[in-house]
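Take a look at the structure below.
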Amino acid sequence: MIKLAIVGRPNVGKSTLFNRLAGKKLAIVDDMPGVTRDRRFGTGRLGDLELELIDTAGFEDVTDESLEARMRQQTELAVEEAQLILFVIDAREGVVPMDELFAGVLRRSGKPVIVVANKTEGKAGYAGALEAFRLGFGEPVSISAEHGEGMGDLYAAVLAMEPEEEAWDGEEPDAADKPIMIAVVGRPNAGKSTLVNRLIGEDRLLVGPEAGITRDAVSVDWDWEGRKLRLVDTAGLRRKARIEEKLEKLSTQDTLRSLTYAEVVLLVMDATHPFETQDLTIADLVEREGRALVFVLAKWDLVEDPGARLKEFIERSEEMLPQLRGAPVIALSAETGRHLDRLMPAVIKAHADWSTKLKTKDLNDWLKLAVERHPPPAVNGRRVKAKYMSQIKARPPTFVLFASRADKLPESYRRYLINSLRQSFDLPGTPIRITVKAGKNPYDEIITDPVKAFQARRRNARTPPTK
C-alpha cells in the first residue's frame, strides 16, 4: 500500500481528488477556499494500486501563531509521513508564486513528487498544465478530479514512482481486532480537538481559541492498553436556526453521519456552562441513534468548588435526560491532564454495557420479580399479562416482551422495565429497546373460520377424555 499525501495551495481541488481516489465522498468539498483544515486519512485505489490517502489543508506562507500557520504545520506533517506526494495545482490559473514557494518546500523534503495539473477540462487548462514544467518535478499529469479525466495517466505516474515493498520477515501479521468507534461531539469550542490531542499524546488535530476550526470529521487510530480505538473528532453542532452558511451545513451533516457509525459517543461540554439546550438536544439524538454515551465536562480547571458543581451537574443530567439516567459523567481538563485517566475506563465500560448479551433464563427470572414487584396496570378492567422475554440483539441491547393485550401496555410501564433492567444488570445509561408483542393464539385461526370451527368440534367430540 502506498502512503500518498495530496498537497497544494487552497482551492485547487485536493479534497475532490481525495474523494475520487477514495471512491466516496469522505471530505467536504466547496468552492470556498480553506474548507479542509486538519489532515484527513482514508484508503483508496488507483487501478490495481492500493493507496493510503492523506488530504491536507491548503498551503499558506505564514509562520506565526495564526490559524493558517497551524494549518501549514499539519500539511508539513503529512509530507513527512507520506511516501509519495501529489502536488496539485489549478491548471486554469497556471503556476502562481505560492505554487513556486511550496515547490521549494517539497524539494527540501526529499520525497518523490508528482505534479498534478487539475481542472484541465477544456482549452482553459491546457496552457496552465504546460506552465507546471517550470516547477522542476518533471512532466505534470493533467486531470480533472471532478469529472474523473486523466486517471489513467495518474496511475502510470504513480506506478513509476511506487516505493519498494519492505522485505517480508516470514511472520504473518496478527489479525487486527476491530477498533471501537468513538465519536467526539459537542458544541463549537467545547474542547473536542484538544481532548483528542491530549489522549493520543500529540498535536494531531488543529486547535485554537477560534470557534469552528474543525470542519471535517477526522478519524485518528489509537491503541489504549492493548485495545484498538478509532477516535473521530467532529465539527461543533449548533442549533439548526443558527446554521446559515452552506459550509456549516455540510460540516453538520458530516458530524451526524459520524454519529451513525459510532459505537460510543463522547459528548464534550464546556464545564463553565454545561448541559445547555444544544447539549441536551445532542444527547437525546445519541440516545435515539442507540449509541453508548459518556458525558465529558471539559475545562474542569476553570470550575470553582468542583465537588459541589459535579454533584449538581449529575443531578441535572438525570433530571433533564431521564432516558439516559446513570450515563457516566467525567470531569477533566485536557489542558492540564487532570482526571484524564478516568475517561477511557468509563468508555470501555460503556461499550461493554452497550454490547451486553443476557441469558434468557436470567432475563425471565428478572421479569418474574419485576412483575411481582410492580404488576402491569389494568386497562378497561382487564390486566395485561407479561409472559416471557428474550433478547434479540445487542448494540444496543434490544428485547422482545411477549404479553397478552400487548397493544394496551402503557409506555410508563415500558419505561419501568427499562429502568429496572438497567439497575438489575448494571447497565447505567445504556440505550435499551423493548418491543412488546402478543403471543400467537393457536385458536385464533379456527375461531375466524367457521368450517375449521365445525371440524374442531367434531374432533373434540370423537376424542375420548383422558384419565
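Starting from 1 in every chain, residues are counted up; chains themselves are A, B, ... following the order of the C-alpha cells, and ligands are numbered from 1 as listed.
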Exercise. Neighbours of Leu135 of chain A within 10 Å (only C-alpha atoms; same-chain residues fewer than 3 positions away dropped), as a list in words?
Worked result: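 So, after excluding close chain neighbours, the residues are Val95, Asp99, Glu100, Leu101, Phe102, Ala103, Gly104, Arg107, Val115, Glu131, Ala132, Gly138, Glu139 and Pro140 of chain A.
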For this session: Could you give me the residues within segment 297-392 of chain A that DSSP places in helix (DSSP H, G or I), as a VMD selection string?
Result: chain A and resid 300 to 302 306 to 320 322 to 324 340 to 354 360 to 373
For this session: For Leu86 of chain A, list every protein, DNA or RNA residue within 7 Å, evaluated using only C-alpha atoms, and leave out those in the same chain fewer than 3 positions away; present the list as a PyMOL selection string.
Result: chain A and resi 5-7+113-116
